[in-house]
Structures are given as C-alpha cells and as structure tokens.
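Here's the structure, in structure tokens; my notes come after.
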Amino acid sequence: MKRVAIVTIAVLALASAPLWAQTRTFDWEDGTSTALITYGNAVLENSTEQAHGGTHSLKITETPLGGTPYAGVWWVTGLTDGDMVTASIWVYDMTPSGSPSGRIWGHYTDTDVNSYAGSASGNGTYSDGTGWSQLSYTWTFDSSSDTRDGLLVEARIYSSTELDAIYVDDISITVTAVGPAVITAPDGSVPVELMSFNVE
Ligand SMILES: [Ca+2]
Ligand SMILES: [Ca+2]
C-alpha cells in the first residue's frame with residue numbers, strides 16, 4: 001500500500017507543473033547598465049533625463065531611422081513547452097498621437113542571447129503618450145519541437161526623427177516553469193541562488 005501511495009503523489013506532481021516560479025525587477029539605478037542586446041539602429045544610454053522611480057532610466061533613440069529597433073531587456077533560458085513568462089515595462093512618452101512610442105515584444109532564442117529563433121509576438125498597444133505608462137504581456141513558451149530554449153523580451157522604439165527618445169524604467173518579470181529557468185537582467189546578472197548551486 002505504501003508503494004502505491006508514493007506513485008500516486010508523483011503523478012499528481014507532474015500533472016500540476018509548472019512548479020518553479022521566480023520574479024525579478026530592474027531599475028537602472030546602477031547608473032551604468034543599458035541592456036543585454038541592442039538591435040537595429042537603437043542607441044541606448046543609462047540616463048538621468050527621466051525616471052519612473054529613482055533618478056535613472058534607459059533612454060532609447062534611433063539613429064539613423066530604419067527598421068524596428070529595440071533593447072533586449074530580459075532573457076529567460078531553460079524554458080520548455082507551456083512555461084509562462086509575464087513581463088512589464090514602464091515607458092515615458094509625451095506624444096499621445098504620434099512618434100515616438102514604445103511597445104513590449106518578444107522573440108525566441110536558442111542558448112545564445114544574440115540568436116533569433118522566431119517571433120514570440122507581444123502586446124499590440126503602444127505607450128499612451130501621457131507620460132509614464134505601463135505595458136505588459138504574457139507569453140506561453142513554445143519550444144517548436146525542442147529547437148528553442150529561451151525568450152528575449154524587447155523594449156521597442158517607434159520613432160520618426162532622430163531626435164525622438166523614449167525612456168524605459170522599473171521593469172519586472174515573472175516566470176512560472178517546470179524549471180529551473182534562468183532570468184538574466186539588463187546588467188547581465190543572474191539570481192544569486194542559482195549561482196550558488198556551483199559552490200561546494
Ligand atoms: Ca529608475
Ligand atoms: Ca507616442
């Protein structure tokens with residue numbers, strides 16, 4: 001009877017996956033960090049011109065104009081089918097009906113932060129142009145038959161002149177996964193508790 005009971009518990013545990021969850025935030029208050037990757041003509045700067053919290057934020061401009069540039073702000077690896085990633089960013093935008101504006105988007109990666117393994121879509125809503133507005137999206141990971149390992153969260157800029165700038169601040173991410181997944185912040189840091197696995 002005891003053996004039967006243990007098997008039943010194991011099956012229930014598998015059925016209730018994902019089991020691993022972690023939340024991280026980032027605020028650019030270190031005064032030096034920008035983003036994990038820069039795509040296209042995005043120009044990134046750790047700026048004190050605007051801030052949602054504290055005194056620093058990520059300033060994004062586009063020089064020269066062209067394509068859909070972005071800053072890669074979060075990278076999650078070790079994901080499997082059905083894992084959930086929810087991220088949000090605050091964007092500063094003072095033009096309600098035009099450029100510049102920001103948006104949160106995502107794409108899949110393999111085990112290289114610079115890889116591109118297909119669009120993961122995102123939130124079609126732009127920053128609202130009234131100052132700071134928050135944009136969020138939840139992705140359900142699709143490994144595409146185990147050809148993908150990660151998800152990179154993009155803070156996109158849509159601009160019409162090289163003088164246009166948006167600011168991004170107080171970003172957060174929550175991952176619920178079979179795990180363990182690894183969440184890498186804009187400064188390249190990974191959680192301390194994961195690093196400690198390698199310490200004897
Ligand atoms: Ca800040
Ligand atoms: Ca705008």
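Residues are referred to by chain and number: the chain letter is A, B, ... according to the order shown in the structure tokens, the number counts from 1 in that chain, and ligands are numbered separately from 1 in the order shown.
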
Restrict the calculation to only C-alpha atoms and all ligand atoms, then for each residue of chain A with any atom at most 7 Å from an atom of ligand 2 give the closest atom pair and their distance in Å to one decimal, rows by chain and rising residue number, as JSON lines.
{"residue": "A:Asp93", "atom": "CA", "partner": "ligand 2", "partner_atom_place_in_ligand_line": "1 (Ca)", "distance": 5.2}
{"residue": "A:Met94", "atom": "CA", "partner": "ligand 2", "partner_atom_place_in_ligand_line": "1 (Ca)", "distance": 6.0}
{"residue": "A:Thr95", "atom": "CA", "partner": "ligand 2", "partner_atom_place_in_ligand_line": "1 (Ca)", "distance": 3.9}
{"residue": "A:Pro96", "atom": "CA", "partner": "ligand 2", "partner_atom_place_in_ligand_line": "1 (Ca)", "distance": 4.9}
{"residue": "A:Ser97", "atom": "CA", "partner": "ligand 2", "partner_atom_place_in_ligand_line": "1 (Ca)", "distance": 5.9}
{"residue": "A:Gly98", "atom": "CA", "partner": "ligand 2", "partner_atom_place_in_ligand_line": "1 (Ca)", "distance": 4.7}
{"residue": "A:Ser99", "atom": "CA", "partner": "ligand 2", "partner_atom_place_in_ligand_line": "1 (Ca)", "distance": 4.5}
{"residue": "A:Pro100", "atom": "CA", "partner": "ligand 2", "partner_atom_place_in_ligand_line": "1 (Ca)", "distance": 4.5}
{"residue": "A:Ser101", "atom": "CA", "partner": "ligand 2", "partner_atom_place_in_ligand_line": "1 (Ca)", "distance": 3.8}
{"residue": "A:Ser127", "atom": "CA", "partner": "ligand 2", "partner_atom_place_in_ligand_line": "1 (Ca)", "distance": 6.3}
{"residue": "A:Asp128", "atom": "CA", "partner": "ligand 2", "partner_atom_place_in_ligand_line": "1 (Ca)", "distance": 6.3}
{"residue": "A:Gly129", "atom": "CA", "partner": "ligand 2", "partner_atom_place_in_ligand_line": "1 (Ca)", "distance": 4.7}

Using only C-alpha atoms and all ligand atoms, which protein or nucleic acid residues are at most 6 Å from ligand 1, as a list in words?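 Listing the residues within 6 Å of ligand 1 gives Asp27, Trp28, Glu29, Ala51, His52, Gly53, Gly54, Thr55, His56, Ser57, Asp169 and Asp170 of chain A.
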
Minimum-distance residue to Leu58 of chain A, chosen among A:Val113, A:Ile183, A:Ile89, A:Val192 (using only C-alpha atoms): A:Ile89

Residue list (strand (DSSP E or B), DSSP) for chain A, as a PyMOL selection string: chain A and resi 20-26+37-39+42-47+57-62+70-77+84-93+101-109+119-122+131-140+150-158+165-177+182-184

Dump as a PDB file, in the first residue's frame, selection limited to C-alpha atoms:
ATOM      1  CA  TRP A  20       9.138  26.628 -10.431  1.00  0.00           C
ATOM      2  CA  ALA A  21       8.465  30.367 -10.150  1.00  0.00           C
ATOM      3  CA  GLN A  22      10.633  33.449  -9.888  1.00  0.00           C
ATOM      4  CA  THR A  23      10.144  37.236 -10.125  1.00  0.00           C
ATOM      5  CA  ARG A  24      12.827  39.822 -10.840  1.00  0.00           C
ATOM      6  CA  THR A  25      12.821  43.600 -11.226  1.00  0.00           C
ATOM      7  CA  PHE A  26      15.297  46.127 -12.641  1.00  0.00           C
ATOM      8  CA  ILE A  37      21.472  43.382 -26.570  1.00  0.00           C
ATOM      9  CA  THR A  38      20.886  46.263 -28.973  1.00  0.00           C
ATOM     10  CA  TYR A  39      19.017  45.510 -32.182  1.00  0.00           C
ATOM     11  CA  ALA A  42      18.710  51.632 -31.406  1.00  0.00           C
ATOM     12  CA  VAL A  43      21.065  53.800 -29.359  1.00  0.00           C
ATOM     13  CA  LEU A  44      20.976  53.077 -25.638  1.00  0.00           C
ATOM     14  CA  GLU A  45      22.013  55.235 -22.703  1.00  0.00           C
ATOM     15  CA  ASN A  46      21.646  55.000 -18.939  1.00  0.00           C
ATOM     16  CA  SER A  47      20.033  58.426 -18.464  1.00  0.00           C
ATOM     17  CA  SER A  57      16.193  55.060 -16.658  1.00  0.00           C
ATOM     18  CA  LEU A  58      17.064  53.516 -20.025  1.00  0.00           C
ATOM     19  CA  LYS A  59      16.970  56.117 -22.826  1.00  0.00           C
ATOM     20  CA  ILE A  60      16.350  54.741 -26.327  1.00  0.00           C
ATOM     21  CA  THR A  61      16.815  56.693 -29.557  1.00  0.00           C
ATOM     22  CA  GLU A  62      17.036  55.560 -33.178  1.00  0.00           C
ATOM     23  CA  TYR A  70      14.822  47.546 -29.695  1.00  0.00           C
ATOM     24  CA  ALA A  71      16.668  46.977 -26.462  1.00  0.00           C
ATOM     25  CA  GLY A  72      16.729  43.372 -25.205  1.00  0.00           C
ATOM     26  CA  VAL A  73      15.876  43.843 -21.529  1.00  0.00           C
ATOM     27  CA  TRP A  74      15.159  40.353 -20.148  1.00  0.00           C
ATOM     28  CA  TRP A  75      16.419  36.948 -21.300  1.00  0.00           C
ATOM     29  CA  VAL A  76      14.966  33.733 -19.925  1.00  0.00           C
ATOM     30  CA  THR A  77      16.618  30.392 -20.695  1.00  0.00           C
ATOM     31  CA  MET A  84       4.734  31.095 -18.680  1.00  0.00           C
ATOM     32  CA  VAL A  85       6.640  34.384 -18.869  1.00  0.00           C
ATOM     33  CA  THR A  86       4.961  37.669 -17.837  1.00  0.00           C
ATOM     34  CA  ALA A  87       6.917  40.910 -18.223  1.00  0.00           C
ATOM     35  CA  SER A  88       6.084  44.590 -17.865  1.00  0.00           C
ATOM     36  CA  ILE A  89       7.895  47.836 -18.652  1.00  0.00           C
ATOM     37  CA  TRP A  90       7.170  51.478 -17.831  1.00  0.00           C
ATOM     38  CA  VAL A  91       7.669  53.743 -20.867  1.00  0.00           C
ATOM     39  CA  TYR A  92       7.939  57.549 -20.906  1.00  0.00           C
ATOM     40  CA  ASP A  93       6.254  59.042 -23.982  1.00  0.00           C
ATOM     41  CA  SER A 101       6.249  55.482 -28.808  1.00  0.00           C
ATOM     42  CA  GLY A 102       7.277  52.245 -27.136  1.00  0.00           C
ATOM     43  CA  ARG A 103       5.973  48.714 -27.138  1.00  0.00           C
ATOM     44  CA  ILE A 104       6.780  45.401 -25.401  1.00  0.00           C
ATOM     45  CA  TRP A 105       7.515  42.464 -27.685  1.00  0.00           C
ATOM     46  CA  GLY A 106       9.422  39.184 -27.593  1.00  0.00           C
ATOM     47  CA  HIS A 107      11.304  36.643 -29.644  1.00  0.00           C
ATOM     48  CA  TYR A 108      12.570  33.135 -29.107  1.00  0.00           C
ATOM     49  CA  THR A 109      16.252  32.230 -28.823  1.00  0.00           C
ATOM     50  CA  SER A 119       8.924  35.971 -33.176  1.00  0.00           C
ATOM     51  CA  ALA A 120       7.043  35.349 -29.929  1.00  0.00           C
ATOM     52  CA  SER A 121       4.632  38.263 -30.558  1.00  0.00           C
ATOM     53  CA  GLY A 122       3.774  40.817 -27.875  1.00  0.00           C
ATOM     54  CA  GLY A 131       3.901  60.485 -19.546  1.00  0.00           C
ATOM     55  CA  TRP A 132       4.748  57.159 -17.945  1.00  0.00           C
ATOM     56  CA  SER A 133       2.530  54.223 -18.945  1.00  0.00           C
ATOM     57  CA  GLN A 134       2.944  50.523 -18.196  1.00  0.00           C
ATOM     58  CA  LEU A 135       2.920  47.851 -20.895  1.00  0.00           C
ATOM     59  CA  SER A 136       2.692  44.129 -20.100  1.00  0.00           C
ATOM     60  CA  TYR A 137       2.473  40.820 -21.905  1.00  0.00           C
ATOM     61  CA  THR A 138       2.336  37.117 -21.034  1.00  0.00           C
ATOM     62  CA  TRP A 139       3.990  34.540 -23.266  1.00  0.00           C
ATOM     63  CA  THR A 140       3.367  30.796 -23.205  1.00  0.00           C
ATOM     64  CA  GLY A 150      14.831  30.906 -24.406  1.00  0.00           C
ATOM     65  CA  LEU A 151      12.732  34.049 -24.711  1.00  0.00           C
ATOM     66  CA  LEU A 152      14.125  37.560 -25.069  1.00  0.00           C
ATOM     67  CA  VAL A 153      11.896  40.489 -24.037  1.00  0.00           C
ATOM     68  CA  GLU A 154      12.200  43.560 -26.278  1.00  0.00           C
ATOM     69  CA  ALA A 155      11.560  47.227 -25.419  1.00  0.00           C
ATOM     70  CA  ARG A 156      10.830  48.595 -28.903  1.00  0.00           C
ATOM     71  CA  ILE A 157      11.006  52.192 -30.114  1.00  0.00           C
ATOM     72  CA  TYR A 158       8.890  53.604 -32.941  1.00  0.00           C
ATOM     73  CA  ALA A 165      13.556  59.447 -27.448  1.00  0.00           C
ATOM     74  CA  ILE A 166      11.662  57.159 -25.131  1.00  0.00           C
ATOM     75  CA  TYR A 167      12.657  56.131 -21.625  1.00  0.00           C
ATOM     76  CA  VAL A 168      12.126  52.710 -20.036  1.00  0.00           C
ATOM     77  CA  ASP A 169      12.214  52.076 -16.281  1.00  0.00           C
ATOM     78  CA  ASP A 170      11.008  49.793 -13.458  1.00  0.00           C
ATOM     79  CA  ILE A 171      10.686  46.599 -15.465  1.00  0.00           C
ATOM     80  CA  SER A 172       9.604  43.303 -13.944  1.00  0.00           C
ATOM     81  CA  ILE A 173       9.330  39.680 -14.973  1.00  0.00           C
ATOM     82  CA  THR A 174       7.716  36.578 -13.518  1.00  0.00           C
ATOM     83  CA  VAL A 175       8.479  33.118 -14.851  1.00  0.00           C
ATOM     84  CA  THR A 176       6.479  30.042 -13.892  1.00  0.00           C
ATOM     85  CA  ALA A 177       8.106  26.979 -15.371  1.00  0.00           C
ATOM     86  CA  VAL A 182      17.408  31.380 -15.611  1.00  0.00           C
ATOM     87  CA  ILE A 183      16.333  35.041 -15.805  1.00  0.00           C
ATOM     88  CA  THR A 184      19.100  37.380 -16.964  1.00  0.00           C
TER      89      THR A 184
END

Extract the full set of alpha helix (DSSP H) residues from chain A according to DSSP on the backbone, and format it as a list in words. Lys2, Arg3, Val4, Ala5, Ile6, Val7, Thr8, Ile9, Ala10, Val11, Leu12, Ala13, Leu14, Ala15, Val192, Glu193, Leu194 and Met195 of chain A

Using only C-alpha atoms, which of the listed residues (A:Gly118, A:Pro186, A:Pro191, A:Gly179) sits closest to Thr80 of chain A? A:Gly179
